[in-house]
Amino acid sequence: MNYWLVKSEPFKYSWDQFLKDKKTIWDGVRNYAARNNMREMKKGDHVFFYHSNEGLAIVGIAEVTKEAYQDPTTDDTNWVVVELKPLKTIPNPVTLADLKADKGFENMDLVRLGRLSVGRVTDDEYEKIMKMGGVK
């Protein structure tokens, strides 16, 4: 299994709305690095849901339910979507400040590449964030 992180501004699409929807298509990505990460996502991979701009914290965990396919919001075949479902709310959201304060996260995509909307998460980063967030 691989691990990922997706970012969303809460006023556009929040974790609470995702929980209500029970699933979503992750669309609108227009960055090649983020798109390439989405192309590598496999069914069953876990995805941290990060609130950007407001909150600046990892607030939930989702799962990839459908692998990359053509983004239906555009005719441009360069862009893809994946489908996600929420798995669990993180009891203690893990903030960007928490991550930046820990040298173990200095190479994490979220810390190094702040504008990247879909990033990789290593096994070690995933386990440490789960522990920091109080996820059993």
# chains A, B, ... in the order shown; residues from 1 in each chain; ligands from 1

$ residues_around --residues "A:Asn31" --least-positions-apart "3" --cutoff "12 Å" --atoms "only C-alpha atoms" --output "list in words"
Asp27, Gly28, Ala34, Arg35, Asn36, Asn37, Met38, Asn78, Trp79, Val80, Arg115, Leu116, Ser117, Val118 and Gly119 of chain A

$ write_last_selection --atoms "C-alpha atoms" --output "PDB file, in the first residue's frame"
ATOM      1  CA  ASP A  27     -10.918  16.599  -9.869  1.00  0.00           C
ATOM      2  CA  GLY A  28      -9.600  19.935 -11.029  1.00  0.00           C
ATOM      3  CA  ALA A  34       0.204  16.332  -8.651  1.00  0.00           C
ATOM      4  CA  ARG A  35      -1.317  14.662 -11.720  1.00  0.00           C
ATOM      5  CA  ASN A  36       1.567  12.200 -11.894  1.00  0.00           C
ATOM      6  CA  ASN A  37       1.028  11.314  -8.229  1.00  0.00           C
ATOM      7  CA  MET A  38      -2.677  10.717  -8.926  1.00  0.00           C
ATOM      8  CA  ASN A  78      -3.600  15.389 -19.835  1.00  0.00           C
ATOM      9  CA  TRP A  79      -5.737  15.554 -16.680  1.00  0.00           C
ATOM     10  CA  VAL A  80      -7.072  12.743 -14.507  1.00  0.00           C
ATOM     11  CA  ARG A 115       2.061  24.398  -3.308  1.00  0.00           C
ATOM     12  CA  LEU A 116       1.779  20.743  -4.401  1.00  0.00           C
ATOM     13  CA  SER A 117      -1.873  19.701  -4.040  1.00  0.00           C
ATOM     14  CA  VAL A 118      -1.356  15.916  -4.225  1.00  0.00           C
ATOM     15  CA  GLY A 119       1.790  14.584  -2.599  1.00  0.00           C
TER      16      GLY A 119
END

$ closest_residue --among "A:Ser14, A:Val121, A:Arg30, A:Ile90" --to "A:Asp71" --atoms "only C-alpha atoms"
A:Arg30

$ select_by_dssp --residues "chain A" --states "helix (DSSP H, G or I)" --output "JSON, numbers by chain"
{"A": [15, 16, 17, 18, 19, 20, 21, 32, 33, 34, 35, 36, 37, 38, 39, 40, 96, 97, 98, 99, 100, 103, 104, 105, 109, 110, 111, 112, 123, 124, 125, 126, 127, 128, 129, 130, 131, 132]}

$ residues_around --residues "A:Val47" --least-positions-apart "6" --cutoff "10 Å" --atoms "only C-alpha atoms" --output "JSON, numbers by chain"
{"A": [2, 3, 4, 5, 6, 41, 60, 61, 62, 63, 64, 84, 85, 86, 87, 118, 119, 120, 121, 126]}

$ write_last_selection --atoms "C-alpha atoms" --output "mmCIF file, in the first residue's frame"
data_model
loop_
_atom_site.group_PDB
_atom_site.id
_atom_site.type_symbol
_atom_site.label_atom_id
_atom_site.label_comp_id
_atom_site.auth_asym_id
_atom_site.auth_seq_id
_atom_site.Cartn_x
_atom_site.Cartn_y
_atom_site.Cartn_z
ATOM 1 C CA ASN A 2 1.123 3.539 -0.753
ATOM 2 C CA TYR A 3 0.240 6.700 1.117
ATOM 3 C CA TRP A 4 -0.670 10.124 -0.201
ATOM 4 C CA LEU A 5 -1.898 13.542 0.882
ATOM 5 C CA VAL A 6 -4.484 15.722 -0.871
ATOM 6 C CA MET A 41 -2.523 5.965 -6.806
ATOM 7 C CA GLY A 60 -8.814 12.866 8.014
ATOM 8 C CA ILE A 61 -7.883 9.688 6.201
ATOM 9 C CA ALA A 62 -9.456 8.582 2.926
ATOM 10 C CA GLU A 63 -9.059 5.570 0.678
ATOM 11 C CA VAL A 64 -8.651 5.380 -3.089
ATOM 12 C CA LEU A 84 -11.952 8.600 -2.786
ATOM 13 C CA LYS A 85 -14.036 7.639 0.219
ATOM 14 C CA PRO A 86 -13.506 8.871 3.780
ATOM 15 C CA LEU A 87 -12.205 6.320 6.272
ATOM 16 C CA VAL A 118 -1.356 15.916 -4.225
ATOM 17 C CA GLY A 119 1.790 14.584 -2.599
ATOM 18 C CA ARG A 120 3.474 11.401 -1.537
ATOM 19 C CA VAL A 121 3.701 10.273 2.078
ATOM 20 C CA TYR A 126 2.323 7.922 7.649
#

$ closest_residue --among "A:Leu113, A:Val81, A:Val59, A:Val94" --to "A:Lys128" --atoms "only C-alpha atoms"
A:Val94

$ closest_residue --among "A:Ala101, A:Gly114, A:Lys66, A:Arg39" --to "A:Lys7" --atoms "only C-alpha atoms"
A:Gly114

$ select_by_dssp --residues "chain A" --states "strand (DSSP E or B)" --output "PyMOL selection string"
chain A and resi 3-8+24-26+46-51+57-70+80-95+118-121

$ write_last_selection --atoms "C-alpha atoms" --output "JSON list (two decimals), in the first residue's frame"
[["chain", "number", "residue", "atom", "x", "y", "z"],
["A", 3, "TYR", "CA", 0.24, 6.70, 1.12],
["A", 4, "TRP", "CA", -0.67, 10.12, -0.20],
["A", 5, "LEU", "CA", -1.90, 13.54, 0.88],
["A", 6, "VAL", "CA", -4.48, 15.72, -0.87],
["A", 7, "LYS", "CA", -5.14, 19.36, -0.05],
["A", 8, "SER", "CA", -8.42, 21.20, -0.09],
["A", 24, "THR", "CA", -15.90, 12.10, -4.07],
["A", 25, "ILE", "CA", -14.14, 12.46, -7.38],
["A", 26, "TRP", "CA", -10.85, 14.32, -6.84],
["A", 46, "HIS", "CA", -4.66, 5.62, 2.01],
["A", 47, "VAL", "CA", -4.80, 9.38, 1.56],
["A", 48, "PHE", "CA", -4.44, 12.07, 4.21],
["A", 49, "PHE", "CA", -6.96, 14.90, 3.78],
["A", 50, "TYR", "CA", -5.35, 18.26, 4.52],
["A", 51, "HIS", "CA", -7.17, 21.55, 5.06],
["A", 57, "ALA", "CA", -3.89, 20.56, 9.31],
["A", 58, "ILE", "CA", -4.30, 16.94, 8.36],
["A", 59, "VAL", "CA", -7.86, 16.23, 9.49],
["A", 60, "GLY", "CA", -8.81, 12.87, 8.01],
["A", 61, "ILE", "CA", -7.88, 9.69, 6.20],
["A", 62, "ALA", "CA", -9.46, 8.58, 2.93],
["A", 63, "GLU", "CA", -9.06, 5.57, 0.68],
["A", 64, "VAL", "CA", -8.65, 5.38, -3.09],
["A", 65, "THR", "CA", -11.69, 3.53, -4.45],
["A", 66, "LYS", "CA", -11.07, 4.04, -8.17],
["A", 67, "GLU", "CA", -7.75, 4.59, -9.91],
["A", 68, "ALA", "CA", -6.96, 7.45, -12.28],
["A", 69, "TYR", "CA", -9.16, 8.11, -15.30],
["A", 70, "GLN", "CA", -9.91, 11.06, -17.59],
["A", 80, "VAL", "CA", -7.07, 12.74, -14.51],
["A", 81, "VAL", "CA", -9.21, 12.17, -11.43],
["A", 82, "VAL", "CA", -9.33, 9.49, -8.74],
["A", 83, "GLU", "CA", -12.25, 8.50, -6.57],
["A", 84, "LEU", "CA", -11.95, 8.60, -2.79],
["A", 85, "LYS", "CA", -14.04, 7.64, 0.22],
["A", 86, "PRO", "CA", -13.51, 8.87, 3.78],
["A", 87, "LEU", "CA", -12.20, 6.32, 6.27],
["A", 88, "LYS", "CA", -11.59, 8.11, 9.55],
["A", 89, "THR", "CA", -11.45, 11.54, 11.13],
["A", 90, "ILE", "CA", -8.13, 12.22, 12.84],
["A", 91, "PRO", "CA", -8.92, 12.80, 16.54],
["A", 92, "ASN", "CA", -6.07, 15.30, 16.99],
["A", 93, "PRO", "CA", -5.51, 17.14, 13.68],
["A", 94, "VAL", "CA", -1.82, 17.30, 12.79],
["A", 95, "THR", "CA", -0.89, 20.85, 11.85],
["A", 118, "VAL", "CA", -1.36, 15.92, -4.22],
["A", 119, "GLY", "CA", 1.79, 14.58, -2.60],
["A", 120, "ARG", "CA", 3.47, 11.40, -1.54],
["A", 121, "VAL", "CA", 3.70, 10.27, 2.08]]

$ residues_around --residues "A:Lys100" --least-positions-apart "2" --cutoff "12 Å" --atoms "only C-alpha atoms" --output "list in words"
Leu56, Ala57, Val94, Thr95, Leu96, Ala97, Asp98, Asp102, Lys103, Gly104, Phe105, Glu106, Asn107, Met108, Asp109, Leu110, Val111, Arg112 and Gly114 of chain A

$ atom_distance --atom1 "atom CA of A:Glu54" --atom2 "atom CA of A:Phe11"
8.3 Å

$ atom_distance --atom1 "atom CA of A:Asp76" --atom2 "atom CA of A:Glu40"
19.1 Å

$ atom_distance --atom1 "atom CA of A:Met132" --atom2 "atom CA of A:Leu99"
9.7 Å
